[in-house]
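Data from input.tsv: TSV, C-alpha atoms
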```tsv
chain	number	residue	atom	x	y	z
A	1	MET	CA	81.76	90.60	71.54
A	2	PRO	CA	78.52	90.66	73.55
A	3	GLU	CA	77.95	93.67	75.74
A	4	ALA	CA	78.32	93.08	79.48
A	5	SER	CA	78.96	95.13	82.58
A	6	LYS	CA	79.14	94.62	86.30
A	7	SER	CA	80.43	96.16	89.51
A	8	THR	CA	82.77	93.92	91.46
A	9	GLY	CA	82.95	93.94	95.24
A	10	ARG	CA	86.75	93.59	95.29
A	11	LYS	CA	87.76	91.21	92.48
A	12	ALA	CA	91.45	90.53	92.82
A	13	PHE	CA	93.82	90.73	89.86
A	14	ARG	CA	97.38	89.60	89.53
A	15	THR	CA	99.98	91.78	91.22
A	16	LEU	CA	103.74	91.45	91.11
A	17	GLY	CA	106.63	92.51	93.33
A	18	VAL	CA	105.83	93.80	96.80
A	19	LEU	CA	102.09	93.95	96.10
A	20	SER	CA	101.92	90.15	96.05
A	21	GLY	CA	101.06	88.16	99.11
A	22	LEU	CA	98.73	90.74	100.65
A	23	GLY	CA	95.24	89.46	101.49
A	24	LEU	CA	91.91	91.25	101.36
A	25	SER	CA	88.50	90.10	102.53
A	26	MET	CA	85.71	90.22	99.98
A	27	SER	CA	83.10	91.24	102.57
A	28	LEU	CA	82.13	94.91	102.64
A	29	PRO	CA	80.45	96.91	105.40
A	30	ALA	CA	76.97	98.17	104.69
A	31	ALA	CA	76.72	101.66	103.20
A	32	GLY	CA	76.52	104.24	105.94
A	33	ALA	CA	78.46	102.17	108.48
A	34	SER	CA	81.70	104.14	108.31
A	35	SER	CA	82.36	103.76	112.03
A	36	ALA	CA	82.65	99.99	111.46
A	37	VAL	CA	85.00	100.26	108.48
A	38	ARG	CA	88.35	98.69	109.26
A	39	GLU	CA	91.58	100.56	108.54
A	40	LEU	CA	94.68	98.87	107.12
A	41	PRO	CA	98.19	100.33	106.61
A	42	GLU	CA	98.34	99.02	103.03
A	43	ILE	CA	95.62	97.66	100.76
A	44	PRO	CA	96.50	95.60	97.67
A	45	PHE	CA	95.18	96.83	94.36
A	46	THR	CA	92.05	94.92	93.32
A	47	GLN	CA	89.45	95.41	90.64
A	48	ARG	CA	86.59	97.58	91.84
A	49	TYR	CA	84.54	97.77	88.63
A	50	GLN	CA	84.70	96.36	85.12
A	51	ALA	CA	82.47	96.64	82.07
A	52	VAL	CA	82.46	96.10	78.32
A	53	GLN	CA	80.10	98.67	76.88
A	54	HIS	CA	79.74	101.52	74.42
A	55	GLY	CA	81.00	104.42	76.53
A	56	GLY	CA	83.93	105.40	78.69
A	57	PHE	CA	85.21	106.95	81.90
A	58	ALA	CA	84.77	110.54	83.08
A	59	ARG	CA	86.52	111.94	86.10
A	60	ALA	CA	86.64	115.11	88.22
A	61	SER	CA	89.47	115.93	90.65
A	62	ASN	CA	90.84	118.65	92.86
A	63	SER	CA	93.17	119.17	95.79
A	64	GLY	CA	91.87	120.45	99.10
A	65	ILE	CA	94.87	122.43	100.32
A	66	SER	CA	97.56	124.71	98.91
A	67	CYS	CA	100.42	126.93	100.02
A	68	GLU	CA	99.90	130.13	102.02
A	69	LYS	CA	103.49	131.33	102.43
A	70	ARG	CA	107.05	130.07	102.31
A	71	ALA	CA	108.48	128.26	105.31
A	72	ASP	CA	111.82	127.87	103.54
A	73	ALA	CA	113.45	131.10	102.36
A	74	GLU	CA	114.91	129.30	99.34
A	75	ALA	CA	111.55	128.07	98.08
A	76	GLN	CA	109.79	129.68	95.12
A	77	PRO	CA	107.11	132.26	96.02
A	78	CYS	CA	103.77	130.63	96.74
A	79	GLY	CA	102.01	132.42	93.85
A	80	ASP	CA	104.58	131.13	91.37
A	81	VAL	CA	104.19	127.60	92.69
A	82	LYS	CA	100.41	127.68	92.30
A	83	ARG	CA	100.96	128.76	88.70
A	84	GLY	CA	103.22	125.78	88.05
A	85	ALA	CA	106.71	126.45	89.40
A	86	ALA	CA	108.55	123.57	91.07
A	87	GLY	CA	107.76	123.36	94.76
A	88	VAL	CA	107.51	120.84	97.59
A	89	ASN	CA	104.70	121.02	100.16
A	90	GLY	CA	107.18	120.64	103.01
A	91	ASP	CA	108.68	124.05	102.11
A	92	PHE	CA	105.43	125.95	102.78
A	93	GLU	CA	102.86	126.82	105.36
A	94	MET	CA	99.82	125.09	103.90
A	95	LEU	CA	96.25	126.41	104.12
A	96	TYR	CA	92.89	124.92	103.19
A	97	SER	CA	91.16	125.85	99.95
A	98	ASP	CA	87.63	126.85	100.97
A	99	LEU	CA	85.42	128.40	98.30
A	100	ASP	CA	81.85	127.71	99.43
A	101	ARG	CA	81.48	130.60	101.93
A	102	ASP	CA	79.90	128.17	104.37
A	103	PRO	CA	81.17	128.83	107.91
A	104	ASN	CA	80.53	125.19	108.81
A	105	THR	CA	83.17	123.86	106.38
A	106	TYR	CA	86.91	124.41	106.64
A	107	ASN	CA	87.79	123.17	103.15
A	108	SER	CA	85.81	122.88	99.92
A	109	THR	CA	86.76	122.68	96.25
A	110	ARG	CA	84.98	122.05	92.96
A	111	ALA	CA	85.69	120.26	89.70
A	112	GLU	CA	83.69	119.58	86.57
A	113	LEU	CA	82.58	116.08	85.66
A	114	VAL	CA	82.24	116.10	81.86
A	115	VAL	CA	79.65	113.51	80.81
A	116	PRO	CA	78.61	113.34	77.14
A	117	LYS	CA	75.06	114.44	76.39
A	118	GLY	CA	72.74	111.46	76.30
A	119	ALA	CA	75.06	109.20	78.31
A	120	ARG	CA	73.92	107.10	81.26
A	121	ILE	CA	76.10	106.67	84.36
A	122	THR	CA	76.69	102.98	85.12
A	123	TYR	CA	79.04	103.39	88.09
A	124	ALA	CA	80.60	106.21	90.11
A	125	ARG	CA	83.05	106.14	93.01
A	126	LEU	CA	84.46	109.02	95.02
A	127	TYR	CA	88.01	108.77	96.43
A	128	TRP	CA	89.51	111.11	98.98
A	129	GLY	CA	92.63	111.16	101.13
A	130	GLY	CA	95.40	113.20	102.69
A	131	ASN	CA	97.96	113.63	105.45
A	132	LEU	CA	96.63	113.94	109.01
A	133	ARG	CA	99.86	115.07	110.69
A	134	VAL	CA	101.34	118.47	109.84
A	135	GLY	CA	101.24	121.60	112.04
A	136	GLU	CA	98.16	120.04	113.60
A	137	GLN	CA	97.04	116.43	114.08
A	138	LYS	CA	93.63	115.55	112.65
A	139	PRO	CA	91.59	112.71	114.19
A	140	PRO	CA	91.48	109.59	111.98
A	141	GLU	CA	87.89	108.97	113.13
A	142	ASP	CA	86.86	111.50	110.46
A	143	ASN	CA	88.67	109.75	107.59
A	144	GLY	CA	85.54	108.00	106.40
A	145	ARG	CA	83.28	111.01	105.92
A	146	VAL	CA	83.05	113.91	103.45
A	147	LEU	CA	80.39	116.31	102.22
A	148	VAL	CA	79.39	116.21	98.54
A	149	ALA	CA	77.20	118.64	96.60
A	150	GLU	CA	75.93	117.97	93.10
A	151	PRO	CA	75.95	120.79	90.51
A	152	GLY	CA	73.86	123.59	91.95
A	153	GLY	CA	72.84	121.45	94.92
A	154	SER	CA	73.41	121.23	98.66
A	155	TYR	CA	75.77	119.07	100.70
A	156	LYS	CA	75.08	115.40	101.35
A	157	ASP	CA	76.95	113.35	103.92
A	158	VAL	CA	78.96	110.59	102.19
A	159	LEU	CA	80.45	107.75	104.21
A	160	ALA	CA	83.18	105.34	103.19
A	161	ASP	CA	81.74	101.93	102.29
A	162	THR	CA	84.91	99.85	102.11
A	163	ARG	CA	88.16	99.44	103.99
A	164	ILE	CA	90.12	102.62	104.61
A	165	ALA	CA	93.86	102.73	104.05
A	166	HIS	CA	95.66	104.43	106.94
A	167	ARG	CA	99.45	104.40	107.27
A	168	ASP	CA	101.19	106.19	110.14
A	169	ALA	CA	104.94	106.12	109.42
A	170	ASP	CA	107.92	108.14	108.23
A	171	GLY	CA	106.56	111.42	109.59
A	172	SER	CA	103.24	111.30	107.75
A	173	ASP	CA	99.83	109.97	108.74
A	174	ALA	CA	98.36	109.15	105.34
A	175	TYR	CA	95.01	107.68	104.36
A	176	GLN	CA	92.62	107.06	101.47
A	177	ALA	CA	88.89	106.34	101.67
A	178	SER	CA	86.17	105.85	99.05
A	179	ALA	CA	82.45	105.44	98.54
A	180	ASP	CA	80.06	104.28	95.82
A	181	ILE	CA	77.95	107.32	94.87
A	182	THR	CA	76.44	105.89	91.69
A	183	PRO	CA	72.79	106.85	92.48
A	184	LEU	CA	73.76	110.47	93.16
A	185	VAL	CA	75.85	110.88	90.01
A	186	ARG	CA	73.33	108.99	87.88
A	187	LYS	CA	70.60	111.38	89.03
A	188	PHE	CA	72.49	114.66	88.56
A	189	GLY	CA	75.08	113.82	85.89
A	190	GLY	CA	77.79	116.17	84.70
A	191	GLY	CA	78.68	119.62	85.94
A	192	MET	CA	80.59	121.20	88.82
A	193	TRP	CA	80.70	118.87	91.82
A	194	THR	CA	81.81	120.16	95.23
A	195	VAL	CA	83.58	118.12	97.91
A	196	ALA	CA	84.12	119.54	101.41
A	197	GLN	CA	85.47	118.53	104.82
A	198	LEU	CA	88.34	116.41	103.59
A	199	ASN	CA	90.12	115.23	106.71
A	200	ILE	CA	93.56	116.74	106.07
A	201	ALA	CA	95.85	118.76	108.32
A	202	LYS	CA	97.13	122.25	107.58
A	203	GLY	CA	100.31	124.01	108.64
A	204	HIS	CA	103.94	123.09	108.10
A	205	SER	CA	106.18	120.08	108.61
A	206	ASP	CA	109.11	118.55	106.78
A	207	VAL	CA	106.79	115.92	105.32
A	208	GLY	CA	104.22	118.51	104.28
A	209	ALA	CA	100.46	118.84	104.03
A	210	TRP	CA	98.56	117.34	101.10
A	211	GLY	CA	95.18	115.92	100.17
A	212	GLY	CA	92.47	115.85	97.54
A	213	TRP	CA	89.59	113.98	95.92
A	214	THR	CA	88.71	112.28	92.64
A	215	LEU	CA	85.33	111.20	91.30
A	216	VAL	CA	85.56	108.42	88.68
A	217	ALA	CA	82.38	107.72	86.70
A	218	ALA	CA	81.73	105.07	84.04
A	219	TYR	CA	79.07	105.84	81.45
A	220	GLU	CA	77.42	104.15	78.50
A	221	LYS	CA	76.43	105.87	75.27
A	222	PRO	CA	75.29	103.81	72.25
A	223	ASP	CA	77.06	105.87	69.59
A	224	GLU	CA	80.51	105.64	71.23
A	225	PRO	CA	82.97	102.78	70.48
A	226	LEU	CA	82.76	99.49	72.33
A	227	ARG	CA	85.28	99.73	75.15
A	228	GLN	CA	86.55	97.77	78.11
A	229	LEU	CA	86.42	99.80	81.33
A	230	SER	CA	88.34	98.69	84.40
A	231	LEU	CA	88.76	100.48	87.73
A	232	TRP	CA	91.19	99.33	90.43
A	233	ASP	CA	92.02	100.82	93.78
A	234	GLY	CA	94.21	100.15	96.78
A	235	PHE	CA	96.86	101.95	98.78
A	236	ALA	CA	100.60	101.45	98.31
A	237	ALA	CA	103.50	103.39	99.79
A	238	LEU	CA	106.32	103.68	97.25
A	239	ARG	CA	109.62	104.20	99.04
A	240	GLY	CA	112.30	106.56	97.87
A	241	GLY	CA	115.58	105.45	96.35
A	242	GLU	CA	117.53	106.13	99.54
A	243	ASP	CA	115.33	103.83	101.65
A	244	ALA	CA	116.23	100.18	102.10
A	245	ASP	CA	114.87	97.02	103.64
A	246	ALA	CA	116.46	95.61	106.79
A	247	ASP	CA	118.58	93.32	104.63
A	248	GLY	CA	119.83	96.26	102.59
A	249	ALA	CA	117.75	95.52	99.48
A	250	ARG	CA	116.00	98.40	97.75
A	251	ASP	CA	112.63	98.27	96.03
A	252	THR	CA	111.47	101.71	95.00
A	253	GLY	CA	108.34	100.79	93.07
A	254	ARG	CA	105.36	98.64	92.31
A	255	THR	CA	104.56	96.45	89.31
A	256	VAL	CA	100.93	95.69	88.57
A	257	GLU	CA	99.76	93.42	85.78
A	258	LEU	CA	96.17	93.68	84.53
A	259	THR	CA	94.83	90.80	82.47
A	260	GLY	CA	91.68	89.90	80.57
A	261	PHE	CA	91.83	92.55	77.83
A	262	GLU	CA	90.81	92.03	74.20
A	263	VAL	CA	92.22	95.18	72.61
A	264	PRO	CA	92.55	95.07	68.80
A	265	ALA	CA	95.68	96.21	66.99
A	266	ARG	CA	95.95	99.99	66.77
A	267	GLY	CA	93.33	100.31	69.48
A	268	ALA	CA	92.91	103.51	71.46
A	269	GLY	CA	93.07	103.70	75.23
A	270	ARG	CA	93.80	105.79	78.29
A	271	ALA	CA	94.99	105.15	81.83
A	272	GLY	CA	94.14	107.29	84.86
A	273	VAL	CA	96.19	107.43	88.05
A	274	VAL	CA	95.61	109.03	91.44
A	275	GLY	CA	98.66	109.52	93.66
A	276	TYR	CA	99.54	111.35	96.85
A	277	ASP	CA	102.59	113.34	97.98
A	278	GLY	CA	104.39	113.43	94.66
A	279	ASP	CA	106.55	116.56	94.36
A	280	ARG	CA	106.96	118.76	91.31
A	281	GLY	CA	110.67	119.03	90.57
A	282	ALA	CA	111.73	116.02	92.68
A	283	LEU	CA	113.02	113.67	89.98
A	284	GLY	CA	113.16	109.89	89.85
A	285	ASP	CA	109.51	108.82	89.74
A	286	SER	CA	108.22	107.25	86.54
A	287	LEU	CA	105.37	105.22	85.08
A	288	THR	CA	105.81	102.64	82.33
A	289	VAL	CA	103.43	100.21	80.64
A	290	THR	CA	104.04	96.97	78.72
A	291	ALA	CA	101.35	95.36	76.57
A	292	ASP	CA	101.59	91.54	76.64
A	293	SER	CA	105.30	90.73	76.31
A	294	GLY	CA	106.12	93.74	74.17
A	295	ARG	CA	108.33	96.74	74.67
A	296	ARG	CA	108.10	98.79	77.86
A	297	LEU	CA	106.95	102.36	77.15
A	298	ASN	CA	106.99	105.46	79.30
A	299	LEU	CA	103.65	107.03	80.12
A	300	SER	CA	104.46	110.72	80.08
A	301	ASP	CA	103.41	113.92	78.36
A	302	ALA	CA	104.04	117.65	78.23
A	303	GLU	CA	102.93	118.22	81.83
A	304	ASN	CA	104.21	114.93	83.28
A	305	PRO	CA	107.87	114.32	82.28
A	306	PHE	CA	109.04	110.70	82.15
A	307	ASN	CA	111.22	111.21	85.27
A	308	ASP	CA	108.74	113.37	87.22
A	309	VAL	CA	105.34	111.85	86.47
A	310	MET	CA	103.91	112.23	89.99
A	311	ASN	CA	104.44	116.00	89.97
A	312	SER	CA	101.27	117.34	91.60
A	313	THR	CA	99.27	117.87	88.40
A	314	ILE	CA	95.65	117.26	87.43
A	315	THR	CA	95.80	116.76	83.67
A	316	GLU	CA	94.47	114.77	80.73
A	317	PHE	CA	96.85	113.87	77.88
A	318	GLY	CA	99.21	116.63	79.01
A	319	ARG	CA	96.60	119.36	79.07
A	320	PRO	CA	94.67	120.93	81.92
A	321	SER	CA	91.76	118.80	82.99
A	322	SER	CA	88.17	120.05	83.03
A	323	ARG	CA	87.27	123.19	84.99
A	324	ARG	CA	88.28	123.35	88.63
A	325	GLN	CA	87.88	125.86	91.45
A	326	PRO	CA	90.56	126.66	92.48
A	327	GLU	CA	92.62	125.65	89.44
A	328	HIS	CA	96.23	125.47	90.61
A	329	VAL	CA	98.80	123.96	88.25
A	330	ASN	CA	101.02	122.67	91.06
A	331	ASN	CA	98.71	120.96	93.54
A	332	LEU	CA	101.52	120.38	96.07
A	333	GLY	CA	101.14	116.68	96.72
A	334	TYR	CA	98.04	115.61	94.79
A	335	ASP	CA	98.10	113.94	91.36
A	336	ALA	CA	95.15	112.88	89.21
A	337	ASP	CA	96.36	112.39	85.63
A	338	VAL	CA	95.06	110.62	82.52
A	339	PHE	CA	97.62	109.28	80.02
A	340	ASP	CA	97.38	108.18	76.40
A	341	LEU	CA	97.75	104.39	76.12
A	342	GLY	CA	97.59	104.38	72.31
A	343	PRO	CA	101.34	103.88	71.66
A	344	ALA	CA	101.32	100.76	73.86
A	345	LEU	CA	98.32	99.27	72.04
A	346	SER	CA	99.68	99.29	68.47
A	347	GLU	CA	99.82	95.48	68.41
A	348	GLY	CA	96.69	95.04	70.53
A	349	ALA	CA	96.75	93.73	74.10
A	350	ARG	CA	95.48	90.96	76.33
A	351	SER	CA	97.38	92.23	79.37
A	352	LEU	CA	98.92	95.48	80.55
A	353	LYS	CA	101.79	95.65	83.00
A	354	PHE	CA	102.25	98.98	84.81
A	355	ARG	CA	105.45	99.81	86.67
A	356	PHE	CA	105.52	102.71	89.15
A	357	GLU	CA	108.90	103.99	90.39
A	358	ALA	CA	109.23	106.38	93.33
A	359	GLU	CA	111.14	109.63	93.68
A	360	ASN	CA	113.64	109.89	96.55
A	361	GLN	CA	111.02	111.23	98.96
A	362	GLY	CA	108.56	108.50	98.00
A	363	HIS	CA	104.83	108.83	97.36
A	364	PHE	CA	101.53	106.90	97.64
A	365	LEU	CA	99.49	105.25	94.92
A	366	GLY	CA	95.69	105.06	95.30
A	367	VAL	CA	93.72	104.57	92.07
A	368	LEU	CA	94.31	103.13	88.59
A	369	PHE	CA	91.70	103.00	85.84
A	370	VAL	CA	91.94	101.91	82.20
A	371	GLN	CA	89.66	102.54	79.21
A	372	ALA	CA	90.55	100.66	76.02
A	373	ASP	CA	88.91	99.73	72.73
A	374	ALA	CA	87.40	96.24	72.84
A	375	ARG	CA	87.58	93.67	70.04
A	376	ARG	CA	84.11	93.09	68.60
```

Render the structure in this file as structure tokens.
Amino acid sequence: MPEASKSTGRKAFRTLGVLSGLGLSMSLPAAGASSAVRELPEIPFTQRYQAVQHGGFARASNSGISCEKRADAEAQPCGDVKRGAAGVNGDFEMLYSDLDRDPNTYNSTRAELVVPKGARITYARLYWGGNLRVGEQKPPEDNGRVLVAEPGGSYKDVLADTRIAHRDADGSDAYQASADITPLVRKFGGGMWTVAQLNIAKGHSDVGAWGGWTLVAAYEKPDEPLRQLSLWDGFAALRGGEDADADGARDTGRTVELTGFEVPARGAGRAGVVGYDGDRGALGDSLTVTADSGRRLNLSDAENPFNDVMNSTITEFGRPSSRRQPEHVNNLGYDADVFDLGPALSEGARSLKFRFEAENQGHFLGVLFVQADARR
């Protein structure tokens, strides 16, 4: 297979269920024009980037807020929750994580982007989002702006360069924004990246405070296997099992089918997901994948049980992800996990169908990326 790569403005792929029928303009605002970026309550998942190259994906993630103290006397102590005990953000007074000692920032966290030595970054996108309504109400005008510092560097203003998802309903005021930061990541590469000034609210409400960021970077390296890299993003609210449409019908999930793969039999692969407001210990949410017309398989691991996948973890194949500061186990409403796709690829694949089911409280889905061996 010849080597090829490209970044796509917003190349649509097939979506099923309630994702279908939603339109999206292909035009993008110029970089730096965040004030002109339009906000939509839901954005269908579309392909952001695709490549067939020797290399892979790297990613860095962290949450921007954590618990300060219990607001519900029956909740686990905050310290235990940070170390991994079950806990729901709505049971706590939530406080920003702020580690940079800069009085001009109210939240800041770090995470390591692990890029193999000798690799070249071909694309990098930063995603961030959170809840604007908790004990305070944050202005949505600031949704499209964050501060980013490269390893050992100083803050740069980063503005959203595409449509911002912003949904004000059911007690939350949720959003996700993103920006192409390829030149910055290509110049400075791997290491501890810092993101500050996420527009998220602190305090306490029944819905809870949550928010975080994820940097997804594609790289090429000649001595790595030939792989197909695909990055999709959007914004979908998954309703809980107790919610219903006006006609009484229930649909608690999303099904997304990705096509155009050429994965050989017994190929290796991984899938990364970013989600918001998933609760550790609130059961019912799941993630399954079906290759072609084969058997549906659960995507789960030691840290992400099959019936509690969106459980506020930042992991890779069931293990802690790369270094983070702070490094909480329960991130109280922010998920950025990478799962092993190998079992689903035993017979190869030309398409992959992902099914996301919601817990009773519901959650939001923001990013999906896939790395899989490509047939030569």

Next item on the list: Show me as a PyMOL selection string the residues that reach within 10 Å of (98.6, 122.3, 106.3), counting only C-alpha atoms and using the file's own coordinates.
Entry: chain A and resi 65-68+89-90+92-96+131-137+200-205+208-211

Next item on the list: Quick one: everything within 12 Å of A:Asn330, counting only C-alpha atoms, minus sequence neighbours fewer than 4 positions away in the same chain. Send it as number ranges by chain.
Entry: A: 62-63, 65-67, 76, 78-89, 210, 277-281, 303-304, 310-315, 320, 326, 334-336

Please produce a file of those selected residues containing C-alpha atoms, as a PDB file, in the frame of the given file.
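Generated file (out-v6.pdb):
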```
ATOM      1  CA  ASN A  62      90.840 118.650  92.860  1.00  0.00           C
ATOM      2  CA  SER A  63      93.170 119.170  95.790  1.00  0.00           C
ATOM      3  CA  ILE A  65      94.870 122.430 100.320  1.00  0.00           C
ATOM      4  CA  SER A  66      97.560 124.710  98.910  1.00  0.00           C
ATOM      5  CA  CYS A  67     100.420 126.930 100.020  1.00  0.00           C
ATOM      6  CA  GLN A  76     109.790 129.680  95.120  1.00  0.00           C
ATOM      7  CA  CYS A  78     103.770 130.630  96.740  1.00  0.00           C
ATOM      8  CA  GLY A  79     102.010 132.420  93.850  1.00  0.00           C
ATOM      9  CA  ASP A  80     104.580 131.130  91.370  1.00  0.00           C
ATOM     10  CA  VAL A  81     104.190 127.600  92.690  1.00  0.00           C
ATOM     11  CA  LYS A  82     100.410 127.680  92.300  1.00  0.00           C
ATOM     12  CA  ARG A  83     100.960 128.760  88.700  1.00  0.00           C
ATOM     13  CA  GLY A  84     103.220 125.780  88.050  1.00  0.00           C
ATOM     14  CA  ALA A  85     106.710 126.450  89.400  1.00  0.00           C
ATOM     15  CA  ALA A  86     108.550 123.570  91.070  1.00  0.00           C
ATOM     16  CA  GLY A  87     107.760 123.360  94.760  1.00  0.00           C
ATOM     17  CA  VAL A  88     107.510 120.840  97.590  1.00  0.00           C
ATOM     18  CA  ASN A  89     104.700 121.020 100.160  1.00  0.00           C
ATOM     19  CA  TRP A 210      98.560 117.340 101.100  1.00  0.00           C
ATOM     20  CA  ASP A 277     102.590 113.340  97.980  1.00  0.00           C
ATOM     21  CA  GLY A 278     104.390 113.430  94.660  1.00  0.00           C
ATOM     22  CA  ASP A 279     106.550 116.560  94.360  1.00  0.00           C
ATOM     23  CA  ARG A 280     106.960 118.760  91.310  1.00  0.00           C
ATOM     24  CA  GLY A 281     110.670 119.030  90.570  1.00  0.00           C
ATOM     25  CA  GLU A 303     102.930 118.220  81.830  1.00  0.00           C
ATOM     26  CA  ASN A 304     104.210 114.930  83.280  1.00  0.00           C
ATOM     27  CA  MET A 310     103.910 112.230  89.990  1.00  0.00           C
ATOM     28  CA  ASN A 311     104.440 116.000  89.970  1.00  0.00           C
ATOM     29  CA  SER A 312     101.270 117.340  91.600  1.00  0.00           C
ATOM     30  CA  THR A 313      99.270 117.870  88.400  1.00  0.00           C
ATOM     31  CA  ILE A 314      95.650 117.260  87.430  1.00  0.00           C
ATOM     32  CA  THR A 315      95.800 116.760  83.670  1.00  0.00           C
ATOM     33  CA  PRO A 320      94.670 120.930  81.920  1.00  0.00           C
ATOM     34  CA  PRO A 326      90.560 126.660  92.480  1.00  0.00           C
ATOM     35  CA  TYR A 334      98.040 115.610  94.790  1.00  0.00           C
ATOM     36  CA  ASP A 335      98.100 113.940  91.360  1.00  0.00           C
ATOM     37  CA  ALA A 336      95.150 112.880  89.210  1.00  0.00           C
TER      38      ALA A 336
END
```

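Distance-wise, atom CA of A:Gln361 and atom CA of A:Thr109 end up 27.0 Å apart.
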
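Nearest residue to A:Trp213 among A:Tyr127, A:Tyr175, A:Trp193, A:Phe235 is A:Tyr127, counting only C-alpha atoms.
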
Note to self: Given all atoms listed in the file as the basis, pick out the residue of A:Gln228, A:Asn104, A:Gln371, A:Gln325 nearest to A:Leu147.
What the structure shows: A:Asn104

Closest contacts (stretch 292-344 of chain A/stretch 252-270 of chain A, max 10 Å, all atoms listed in the file) as JSON lines:
```
{"residue": "A:Asp292", "atom": "CA", "partner": "A:Thr259", "partner_atom": "CA", "distance": 9.0}
{"residue": "A:Glu316", "atom": "CA", "partner": "A:Arg270", "partner_atom": "CA", "distance": 9.3}
{"residue": "A:Phe317", "atom": "CA", "partner": "A:Arg270", "partner_atom": "CA", "distance": 8.6}
{"residue": "A:Val338", "atom": "CA", "partner": "A:Arg270", "partner_atom": "CA", "distance": 6.5}
{"residue": "A:Phe339", "atom": "CA", "partner": "A:Arg270", "partner_atom": "CA", "distance": 5.5}
{"residue": "A:Asp340", "atom": "CA", "partner": "A:Arg270", "partner_atom": "CA", "distance": 4.7}
{"residue": "A:Leu341", "atom": "CA", "partner": "A:Arg270", "partner_atom": "CA", "distance": 4.7}
{"residue": "A:Gly342", "atom": "CA", "partner": "A:Ala268", "partner_atom": "CA", "distance": 4.8}
{"residue": "A:Pro343", "atom": "CA", "partner": "A:Arg266", "partner_atom": "CA", "distance": 8.3}
{"residue": "A:Ala344", "atom": "CA", "partner": "A:Gly269", "partner_atom": "CA", "distance": 8.9}
```

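When atom CA of A:Thr290 is paired with atom CA of A:Asn307, their separation reads 17.2 Å.
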
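When only C-alpha atoms are used to measure the gap to A:Arg239, the shortest distance among A:Thr105, A:Ser286, A:Thr122, A:Asn360 belongs to A:Asn360.
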
Check: Pick from A:Ala291, A:Gly272, A:Gln197, A:Val148: nearest to A:Tyr106, with only C-alpha atoms counted?
Finding: A:Gln197

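Summary of the local environment: counting all atoms listed in the file, residues at most 7 Å from A:Trp232, other than itself and those fewer than 3 positions away along its chain, are Phe45, Thr46, Gln47, Arg48, Val367, Leu368 and Phe369 of chain A.
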
Margin query: Please compute the atom CA of A:Val37-atom CA of A:Glu141 distance, one decimal, in Å.
Written below: 10.3 Å

Next item on the list: Could you please give me, as a ChimeraX atom specification, the residues of protein, DNA or RNA lying at most 8 Å from (95.8, 99.3, 100.6) in the coordinate frame of the file, considering all atoms listed in the file?
Entry: /A:40-45,164-165,233-236,366

C-alpha atoms of the current selection, written as a PDB file, in the frame of the given file:
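Result file result_5.pdb:
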```pdb
ATOM      1  CA  LEU A  40      94.680  98.870 107.120  1.00  0.00           C
ATOM      2  CA  PRO A  41      98.190 100.330 106.610  1.00  0.00           C
ATOM      3  CA  GLU A  42      98.340  99.020 103.030  1.00  0.00           C
ATOM      4  CA  ILE A  43      95.620  97.660 100.760  1.00  0.00           C
ATOM      5  CA  PRO A  44      96.500  95.600  97.670  1.00  0.00           C
ATOM      6  CA  PHE A  45      95.180  96.830  94.360  1.00  0.00           C
ATOM      7  CA  ILE A 164      90.120 102.620 104.610  1.00  0.00           C
ATOM      8  CA  ALA A 165      93.860 102.730 104.050  1.00  0.00           C
ATOM      9  CA  ASP A 233      92.020 100.820  93.780  1.00  0.00           C
ATOM     10  CA  GLY A 234      94.210 100.150  96.780  1.00  0.00           C
ATOM     11  CA  PHE A 235      96.860 101.950  98.780  1.00  0.00           C
ATOM     12  CA  ALA A 236     100.600 101.450  98.310  1.00  0.00           C
ATOM     13  CA  GLY A 366      95.690 105.060  95.300  1.00  0.00           C
TER      14      GLY A 366
END
```

Next item on the list: Between A:Val207, A:Glu224, A:Arg125, A:Val146, single out the one closest to A:Arg186, counting only C-alpha atoms.
Entry: A:Arg125

Notebook entry, point to check: Near A:Glu359, within 6 Å and counting only C-alpha atoms, which residues show up once chain neighbours fewer than 2 positions away are dropped, as a list in words?
Noted result: Gly240, Leu283, Gly284, Asp285, Gln361 and Gly362 of chain A

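The list of residues with at least one atom within 7 Å of A:Ala58, based on all atoms listed in the file and without residues fewer than 3 positions apart in the same chain, reads Leu113, Val114, Val115, Val216, Ala217 and Ala218 of chain A.
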
Note to self: For a quick check of understanding, using only C-alpha atoms, which of A:Ala237, A:Leu226, A:Ala358, A:Ala51 has the smallest distance to A:Gln176?
What the structure shows: A:Ala237

Check: Within 12 Å of A:Ala179, counting all atoms listed in the file, which residues qualify if same-chain residues fewer than 2 places away don't, as a PyMOL selection string?
Finding: chain A and resi 9+28-34+37+48+123-129+143-148+157-164+176-177+181-184+213-216+233

Can you tell me, as JSON, the centre and edge lengths (Å, one decimal) of the axis-aligned box enclosing all of stretch 96-103 of chain A's listed atoms after padding each side by 5 Å?
```
{"center_x": 86.4, "center_y": 127.8, "center_z": 103.1, "size_x": 23.0, "size_y": 15.7, "size_z": 19.6}
```
